[in-house]
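Structure file query04.tsv; described as TSV, C-alpha atoms.
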```
chain	number	residue	atom	x	y	z
A	1	MET	CA	-24.46	-13.14	33.81
A	2	SER	CA	-22.13	-14.08	30.96
A	3	SER	CA	-18.66	-12.74	30.36
A	4	ARG	CA	-18.12	-10.36	27.48
A	5	ILE	CA	-14.99	-11.41	25.66
A	6	GLY	CA	-13.63	-9.46	22.70
A	7	VAL	CA	-11.84	-11.12	19.78
A	8	ILE	CA	-9.69	-8.79	17.68
A	9	THR	CA	-9.80	-9.07	13.87
A	10	TYR	CA	-6.77	-7.72	12.02
A	11	PRO	CA	-6.37	-7.71	8.24
A	12	GLY	CA	-5.15	-11.27	7.74
A	13	SER	CA	-6.63	-12.76	10.90
A	14	GLN	CA	-7.95	-16.22	10.26
A	15	ASP	CA	-9.09	-17.82	13.49
A	16	ASP	CA	-11.13	-14.92	14.80
A	17	ARG	CA	-14.39	-16.58	13.72
A	18	ASP	CA	-13.50	-19.91	15.32
A	19	ALA	CA	-12.58	-18.07	18.52
A	20	LEU	CA	-15.92	-16.22	18.51
A	21	TRP	CA	-17.76	-19.49	17.82
A	22	ALA	CA	-15.90	-21.43	20.52
A	23	LEU	CA	-16.36	-18.75	23.19
A	24	THR	CA	-20.08	-18.54	22.34
A	25	ALA	CA	-20.41	-22.34	22.45
A	26	LEU	CA	-18.86	-22.27	25.93
A	27	GLY	CA	-21.38	-19.70	27.16
A	28	ALA	CA	-19.57	-16.38	26.78
A	29	GLU	CA	-20.85	-13.33	24.99
A	30	ALA	CA	-18.20	-13.09	22.27
A	31	VAL	CA	-17.72	-9.69	20.67
A	32	ALA	CA	-15.90	-9.05	17.37
A	33	ILE	CA	-13.40	-6.18	17.69
A	34	TRP	CA	-12.15	-4.54	14.49
A	35	HIS	CA	-8.43	-3.69	14.55
A	36	GLU	CA	-9.15	0.04	14.27
A	37	GLU	CA	-11.10	-0.05	17.53
A	38	SER	CA	-9.31	1.70	20.39
A	39	ASP	CA	-11.99	1.41	23.07
A	40	LEU	CA	-12.20	-1.95	24.85
A	41	SER	CA	-14.25	-0.74	27.79
A	42	GLY	CA	-17.11	-3.04	28.67
A	43	LEU	CA	-15.09	-6.18	27.92
A	44	ASP	CA	-14.12	-8.69	30.59
A	45	ALA	CA	-11.32	-10.28	28.56
A	46	VAL	CA	-9.64	-10.01	25.16
A	47	VAL	CA	-8.53	-12.78	22.79
A	48	VAL	CA	-5.91	-12.01	20.13
A	49	PRO	CA	-6.51	-14.75	17.54
A	50	GLY	CA	-4.41	-16.66	15.06
A	51	GLY	CA	-3.81	-15.99	11.40
A	52	PHE	CA	-1.35	-13.94	9.40
A	53	SER	CA	-1.97	-10.35	10.49
A	54	TYR	CA	-0.68	-7.83	7.95
A	55	GLY	CA	0.78	-10.72	5.96
A	56	ASP	CA	3.29	-11.37	8.74
A	57	TYR	CA	5.59	-8.96	6.90
A	58	LEU	CA	8.99	-8.20	8.45
A	59	ARG	CA	8.40	-10.54	11.43
A	60	CYS	CA	5.22	-12.28	12.60
A	61	GLY	CA	3.22	-9.81	14.66
A	62	ALA	CA	5.63	-6.91	14.09
A	63	ILE	CA	3.13	-4.73	12.22
A	64	ALA	CA	-0.04	-5.75	14.11
A	65	ARG	CA	1.63	-4.46	17.25
A	66	PHE	CA	0.92	-0.90	16.00
A	67	SER	CA	-2.84	-1.42	15.50
A	68	PRO	CA	-5.09	0.74	17.67
A	69	ALA	CA	-6.72	-2.45	19.00
A	70	THR	CA	-3.32	-3.84	20.07
A	71	THR	CA	-2.48	-0.60	21.88
A	72	ALA	CA	-5.89	-0.80	23.56
A	73	ALA	CA	-5.27	-4.45	24.51
A	74	CYS	CA	-1.93	-3.42	26.09
A	75	GLU	CA	-3.70	-0.76	28.16
A	76	PHE	CA	-6.39	-3.30	29.06
A	77	ALA	CA	-3.69	-5.72	30.24
A	78	ASP	CA	-1.81	-3.01	32.15
A	79	ALA	CA	-5.04	-2.36	34.07
A	80	GLY	CA	-5.15	-6.05	35.05
A	81	GLY	CA	-7.48	-7.27	32.28
A	82	TYR	CA	-7.11	-10.81	30.96
A	83	VAL	CA	-5.57	-11.12	27.51
A	84	LEU	CA	-5.06	-14.44	25.69
A	85	GLY	CA	-2.97	-14.59	22.52
A	86	ILE	CA	-3.29	-17.68	20.31
A	87	CYS	CA	-0.70	-18.50	17.63
A	88	ASN	CA	-0.32	-15.26	15.63
A	89	GLY	CA	-1.89	-13.57	18.67
A	90	PHE	CA	0.95	-14.99	20.80
A	91	GLN	CA	3.45	-13.60	18.30
A	92	ILE	CA	1.75	-10.19	18.41
A	93	LEU	CA	1.78	-10.08	22.23
A	94	CYS	CA	5.51	-10.95	22.23
A	95	GLU	CA	6.24	-8.20	19.69
A	96	ALA	CA	4.13	-5.77	21.74
A	97	GLY	CA	6.19	-6.56	24.83
A	98	LEU	CA	3.23	-7.94	26.82
A	99	LEU	CA	4.86	-11.37	26.85
A	100	PRO	CA	8.54	-12.34	27.03
A	101	GLY	CA	10.39	-13.97	24.16
A	102	ALA	CA	9.98	-14.34	20.41
A	103	LEU	CA	8.69	-16.93	17.93
A	104	LEU	CA	10.90	-17.94	15.02
A	105	ARG	CA	10.72	-20.27	12.00
A	106	ASN	CA	10.11	-23.89	12.94
A	107	GLU	CA	13.34	-25.80	13.27
A	108	SER	CA	12.17	-28.14	10.45
A	109	LEU	CA	11.44	-25.12	8.19
A	110	ARG	CA	8.11	-26.87	7.57
A	111	PHE	CA	4.61	-25.77	8.43
A	112	VAL	CA	3.27	-28.13	11.09
A	113	CYS	CA	-0.44	-28.96	11.34
A	114	ARG	CA	-1.33	-31.71	13.78
A	115	ASP	CA	-2.64	-32.53	17.22
A	116	ALA	CA	-0.09	-31.65	19.88
A	117	PRO	CA	-0.03	-33.34	23.27
A	118	LEU	CA	0.77	-30.80	25.99
A	119	ARG	CA	1.40	-30.74	29.71
A	120	VAL	CA	-0.14	-28.07	31.93
A	121	GLU	CA	2.64	-26.62	34.10
A	122	ARG	CA	0.51	-24.11	36.02
A	123	ARG	CA	-3.11	-24.20	36.96
A	124	ASP	CA	-3.29	-21.10	39.17
A	125	LEU	CA	-3.94	-18.78	36.24
A	126	PRO	CA	-7.14	-17.32	34.80
A	127	PHE	CA	-6.39	-19.45	31.73
A	128	THR	CA	-5.83	-22.82	33.40
A	129	SER	CA	-8.02	-22.92	36.52
A	130	ARG	CA	-10.15	-25.73	35.06
A	131	CYS	CA	-7.09	-27.91	34.44
A	132	THR	CA	-5.71	-30.46	36.86
A	133	PRO	CA	-2.03	-30.30	37.92
A	134	GLY	CA	0.18	-31.74	35.19
A	135	GLN	CA	-2.85	-32.47	33.03
A	136	ARG	CA	-2.20	-33.80	29.52
A	137	LEU	CA	-4.10	-31.82	26.90
A	138	VAL	CA	-4.29	-32.58	23.19
A	139	ILE	CA	-4.78	-29.38	21.20
A	140	PRO	CA	-3.92	-28.83	17.51
A	141	VAL	CA	-1.03	-26.67	16.32
A	142	LYS	CA	-0.77	-25.18	12.82
A	143	HIS	CA	2.09	-22.80	12.23
A	144	GLY	CA	5.31	-22.18	10.37
A	145	ASP	CA	6.80	-19.84	12.96
A	146	GLY	CA	6.26	-21.42	16.34
A	147	ARG	CA	9.75	-22.00	17.68
A	148	TYR	CA	9.68	-20.19	21.02
A	149	VAL	CA	12.88	-18.49	22.10
A	150	PRO	CA	12.70	-17.17	25.67
A	151	PRO	CA	14.68	-14.20	26.95
A	152	PRO	CA	17.78	-15.30	28.92
A	153	ASP	CA	16.15	-14.19	32.18
A	154	LEU	CA	12.77	-15.92	31.76
A	155	ASP	CA	11.35	-16.95	35.12
A	156	PRO	CA	10.52	-20.68	34.76
A	157	ALA	CA	7.33	-19.97	36.70
A	158	GLN	CA	6.07	-18.15	33.58
A	159	ILE	CA	6.00	-21.39	31.58
A	160	VAL	CA	2.35	-22.47	31.43
A	161	LEU	CA	2.33	-25.23	28.81
A	162	ARG	CA	5.00	-27.57	27.45
A	163	TYR	CA	4.89	-29.83	24.39
A	164	LEU	CA	5.17	-33.51	25.16
A	165	GLU	CA	6.38	-33.97	21.56
A	166	ASN	CA	8.15	-30.78	20.51
A	167	PRO	CA	6.77	-29.97	17.01
A	168	ASN	CA	8.84	-26.90	16.18
A	169	GLY	CA	12.11	-26.84	18.13
A	170	SER	CA	10.85	-24.51	20.87
A	171	VAL	CA	13.45	-23.98	23.58
A	172	ASP	CA	12.63	-26.14	26.61
A	173	ALA	CA	9.57	-27.43	24.67
A	174	ILE	CA	7.68	-24.30	25.71
A	175	ALA	CA	4.19	-24.10	24.15
A	176	GLY	CA	2.70	-21.30	26.24
A	177	VAL	CA	3.89	-18.59	28.62
A	178	CYS	CA	2.35	-15.90	30.78
A	179	ASN	CA	3.54	-12.48	31.91
A	180	ALA	CA	4.93	-11.98	35.42
A	181	ALA	CA	1.56	-10.80	36.75
A	182	GLY	CA	-0.24	-13.83	35.26
A	183	ASN	CA	-3.04	-11.89	33.51
A	184	VAL	CA	-1.64	-12.26	29.98
A	185	MET	CA	-0.96	-15.59	28.31
A	186	GLY	CA	0.14	-16.70	24.86
A	187	LEU	CA	0.21	-20.17	23.32
A	188	MET	CA	0.90	-21.61	19.88
A	189	PRO	CA	-1.72	-24.43	20.03
A	190	HIS	CA	-5.29	-23.51	19.11
A	191	PRO	CA	-7.79	-24.13	21.92
A	192	GLU	CA	-10.55	-22.59	19.78
A	193	HIS	CA	-10.21	-25.48	17.31
A	194	ALA	CA	-10.69	-28.05	20.06
A	195	VAL	CA	-13.93	-27.45	21.93
A	196	ASP	CA	-16.02	-30.23	20.43
A	197	PRO	CA	-15.23	-33.98	20.42
A	198	LEU	CA	-16.54	-34.09	16.83
A	199	LEU	CA	-13.46	-32.07	15.84
A	200	GLY	CA	-11.09	-34.57	17.41
A	201	SER	CA	-10.62	-33.01	20.85
A	202	ASP	CA	-12.47	-30.80	23.28
A	203	HIS	CA	-9.42	-30.11	25.44
A	204	GLY	CA	-9.24	-26.51	24.25
A	205	ALA	CA	-12.31	-25.91	26.38
A	206	PHE	CA	-10.18	-26.32	29.52
A	207	ILE	CA	-8.30	-23.14	28.54
A	208	LEU	CA	-11.20	-21.11	27.13
A	209	ALA	CA	-13.71	-22.04	29.85
A	210	SER	CA	-11.10	-21.11	32.48
A	211	LEU	CA	-10.82	-17.70	30.84
A	212	ILE	CA	-14.61	-17.34	30.71
A	213	ASP	CA	-14.86	-18.21	34.44
A	214	ALA	CA	-12.13	-15.72	35.36
A	215	ALA	CA	-13.60	-12.97	33.19
A	216	ARG	CA	-17.00	-13.47	34.79
A	217	ASP	CA	-15.54	-13.34	38.30
A	218	ARG	CA	-13.61	-10.21	37.43
A	219	SER	CA	-16.68	-8.45	36.04
A	220	LEU	CA	-18.69	-9.40	39.13
A	221	THR	CA	-15.95	-8.04	41.39
A	222	ALA	CA	-15.78	-4.82	39.39
A	223	ALA	CA	-19.57	-4.40	39.35
B	1	MET	CA	19.86	9.98	2.03
B	2	ARG	CA	20.25	6.27	1.30
B	3	ALA	CA	20.58	3.99	4.29
B	4	THR	CA	20.98	0.23	4.38
B	5	VAL	CA	20.08	-1.90	7.38
B	6	LEU	CA	21.55	-5.37	7.79
B	7	VAL	CA	19.57	-7.55	10.20
B	8	ARG	CA	21.17	-10.78	11.37
B	9	PRO	CA	20.11	-13.60	13.67
B	10	LYS	CA	22.10	-13.15	16.87
B	11	PRO	CA	24.91	-15.58	17.62
B	12	GLY	CA	23.51	-18.52	19.54
B	13	ILE	CA	20.06	-18.22	17.96
B	14	LEU	CA	19.38	-21.36	15.92
B	15	ASP	CA	19.07	-20.43	12.23
B	16	PRO	CA	17.58	-23.42	10.36
B	17	GLN	CA	17.41	-21.35	7.16
B	18	GLY	CA	21.17	-20.77	7.33
B	19	GLU	CA	21.70	-24.48	7.98
B	20	ALA	CA	19.60	-25.40	4.93
B	21	VAL	CA	21.55	-22.93	2.76
B	22	GLY	CA	24.87	-24.23	4.09
B	23	SER	CA	23.82	-27.82	3.38
B	24	ALA	CA	22.67	-26.91	-0.17
B	25	LEU	CA	26.02	-25.23	-0.84
B	26	GLY	CA	27.72	-28.38	0.40
B	27	HIS	CA	25.72	-30.41	-2.15
B	28	LEU	CA	27.03	-28.08	-4.87
B	29	GLY	CA	30.56	-28.94	-3.80
B	30	PHE	CA	31.32	-25.72	-1.92
B	31	ASP	CA	33.15	-26.09	1.35
B	32	VAL	CA	31.03	-23.97	3.70
B	33	THR	CA	31.42	-24.41	7.44
B	34	ASP	CA	28.77	-21.87	8.52
B	35	ALA	CA	25.89	-20.02	6.86
B	36	ARG	CA	23.49	-17.57	8.50
B	37	VAL	CA	20.57	-15.90	6.74
B	38	GLY	CA	19.52	-12.35	7.64
B	39	LYS	CA	17.81	-9.57	5.74
B	40	VAL	CA	18.63	-6.26	4.06
B	41	ILE	CA	16.37	-3.21	4.31
B	42	ASP	CA	17.12	-0.23	2.05
B	43	LEU	CA	15.67	3.13	3.05
B	44	ASP	CA	15.63	6.68	1.73
B	45	VAL	CA	15.72	8.98	4.75
B	46	GLU	CA	15.28	12.74	5.04
B	47	ALA	CA	18.27	14.00	7.03
B	48	ALA	CA	20.65	16.96	7.07
B	49	ASP	CA	23.74	14.79	7.23
B	50	ALA	CA	24.89	11.19	7.53
B	51	ALA	CA	25.06	11.31	11.33
B	52	GLU	CA	21.45	12.42	11.61
B	53	ALA	CA	20.37	9.78	9.09
B	54	LYS	CA	22.21	7.08	11.02
B	55	ALA	CA	20.64	8.15	14.32
B	56	LYS	CA	17.16	8.10	12.76
B	57	VAL	CA	17.63	4.66	11.24
B	58	GLU	CA	19.04	3.26	14.48
B	59	SER	CA	15.90	4.46	16.21
B	60	MET	CA	13.82	2.68	13.53
B	61	CYS	CA	15.79	-0.49	14.18
B	62	GLU	CA	15.17	-0.32	17.92
B	63	GLN	CA	11.44	0.27	17.47
B	64	LEU	CA	10.58	-1.92	14.49
B	65	LEU	CA	13.16	-3.16	12.01
B	66	ALA	CA	14.94	-5.59	14.34
B	67	ASN	CA	13.85	-7.57	17.39
B	68	PRO	CA	16.76	-7.05	19.83
B	69	LEU	CA	16.08	-10.36	21.59
B	70	ILE	CA	16.88	-12.44	18.51
B	71	GLU	CA	18.47	-10.10	15.97
B	72	SER	CA	21.41	-7.73	15.71
B	73	TYR	CA	21.52	-4.90	13.21
B	74	GLU	CA	24.03	-2.74	11.42
B	75	VAL	CA	23.28	0.59	9.72
B	76	GLU	CA	25.24	1.89	6.74
B	77	VAL	CA	24.58	5.37	5.33
B	78	ALA	CA	25.75	6.22	1.82
B	79	GLN	CA	27.78	9.43	1.83
```

Could you render the structure as structure tokens?
Amino acid sequence: MSSRIGVITYPGSQDDRDALWALTALGAEAVAIWHEESDLSGLDAVVVPGGFSYGDYLRCGAIARFSPATTAACEFADAGGYVLGICNGFQILCEAGLLPGALLRNESLRFVCRDAPLRVERRDLPFTSRCTPGQRLVIPVKHGDGRYVPPPDLDPAQIVLRYLENPNGSVDAIAGVCNAAGNVMGLMPHPEHAVDPLLGSDHGAFILASLIDAARDRSLTAA
Amino acid sequence: MRATVLVRPKPGILDPQGEAVGSALGHLGFDVTDARVGKVIDLDVEAADAAEAKAKVESMCEQLLANPLIESYEVEVAQ
């Protein structure tokens, strides 16, 4: 039985197709979810992909937060469902209040597009179970607004990934965080662009295959 | 009623845009010790009086126009 994982497409999403392709390549049943969709029943996990939803007007993710699909993803997460936000998806989940913190303009004011070495800080999550403790992953980043600013009271246990070479001025070199319950995660690097060695790295598969495993287990438990 | 919202990066939040502007002003020969870049949002709001307009716009700021973690805001209503 394969996991059914939804990938939301907003106006301006860009990496939704890569996410669908990568999840399918890793054995999941990937389902495209249009942003007007408000029913996510039947899914085992949701991916909020990268891009420039609604032109990133006002602040990145600020408008996408009001999409019916985002509201549905929040309800899905509140019920314990697994939600992974990548890049713009991370920004949207922060704006929606599912994840702590905010993402601001890169310290350099330049768009960065390169492979980013990362360290896995937690492997007890549905998103990192296939990783080894402290594992070094190389996954590409491509963003102009990736400087993570945590809330003053962020629990350090919520830091999932750190940059080994900070590309954007993120506080504490934070590349990915989870919510307190551990069922929602956001990261700026793009695991969906790194699931095949032909593309330079397949380390993104550690994250996505972990999610696929967890989603499958959850659907089996629920069934 | 015309309302103006000023959104600023909070003190302590790194503002590289402000730093770039400050440095450019320095190149022009201006003696600037600090520059911060925010944004201005002008709104026309239906309201019976200025107090009601201000309350409405403050609610808009809380819900959308500013992100309270990183930004502060100020609302001015034209009389």

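In this structure, atom CA of Gly176 of chain A sits 16.8 Å away from atom CA of Val46 of chain A.
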
Within 12 Å of chain B: each chain A residue with its shortest pair, only C-alpha atoms, as a Markdown table:
```
| residue | atom | partner | partner_atom | distance |
| --- | --- | --- | --- | --- |
| A:Tyr57 | CA | B:Leu65 | CA | 10.8 |
| A:Leu58 | CA | B:Leu65 | CA | 7.4 |
| A:Arg59 | CA | B:Asn67 | CA | 8.6 |
| A:Cys60 | CA | B:Asn67 | CA | 10.9 |
| A:Gly61 | CA | B:Leu64 | CA | 10.8 |
| A:Ala62 | CA | B:Leu64 | CA | 7.0 |
| A:Ile63 | CA | B:Leu64 | CA | 8.3 |
| A:Ala64 | CA | B:Leu64 | CA | 11.3 |
| A:Arg65 | CA | B:Leu64 | CA | 9.7 |
| A:Phe66 | CA | B:Leu64 | CA | 9.8 |
| A:Cys94 | CA | B:Asn67 | CA | 10.2 |
| A:Glu95 | CA | B:Asn67 | CA | 8.0 |
| A:Ala96 | CA | B:Gln63 | CA | 10.4 |
| A:Gly97 | CA | B:Asn67 | CA | 10.7 |
| A:Pro100 | CA | B:Leu69 | CA | 9.5 |
| A:Gly101 | CA | B:Leu69 | CA | 7.2 |
| A:Ala102 | CA | B:Leu69 | CA | 7.4 |
| A:Leu103 | CA | B:Ile70 | CA | 9.4 |
| A:Leu104 | CA | B:Ile70 | CA | 8.8 |
| A:Arg105 | CA | B:Pro16 | CA | 7.7 |
| A:Asn106 | CA | B:Pro16 | CA | 7.9 |
| A:Glu107 | CA | B:Pro16 | CA | 5.7 |
| A:Ser108 | CA | B:Pro16 | CA | 7.2 |
| A:Leu109 | CA | B:Pro16 | CA | 6.7 |
| A:Arg110 | CA | B:Pro16 | CA | 10.5 |
| A:Asp145 | CA | B:Pro16 | CA | 11.7 |
| A:Arg147 | CA | B:Leu14 | CA | 9.8 |
| A:Tyr148 | CA | B:Ile70 | CA | 10.9 |
| A:Val149 | CA | B:Ile70 | CA | 8.1 |
| A:Pro150 | CA | B:Leu69 | CA | 8.6 |
| A:Pro151 | CA | B:Leu69 | CA | 6.7 |
| A:Pro152 | CA | B:Leu69 | CA | 9.0 |
| A:Asp153 | CA | B:Leu69 | CA | 11.3 |
| A:Asn168 | CA | B:Pro16 | CA | 11.1 |
| A:Gly169 | CA | B:Leu14 | CA | 9.4 |
| A:Ser170 | CA | B:Leu14 | CA | 10.4 |
| A:Val171 | CA | B:Leu14 | CA | 10.0 |
```

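Take atom CA of Pro156 of chain A and atom CA of Val177 of chain A: the distance between them is 9.3 Å.
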
Which residue out of B:Val7, B:Val57, B:Val75, B:Ala24 has the minimum interatomic distance to Val37 of chain B when all atoms listed in the file are used?
B:Val7

Using atom CA of Ala215 of chain A and atom CA of Asn183 of chain A as the two end points, give the distance in Å to one decimal.
10.6 Å
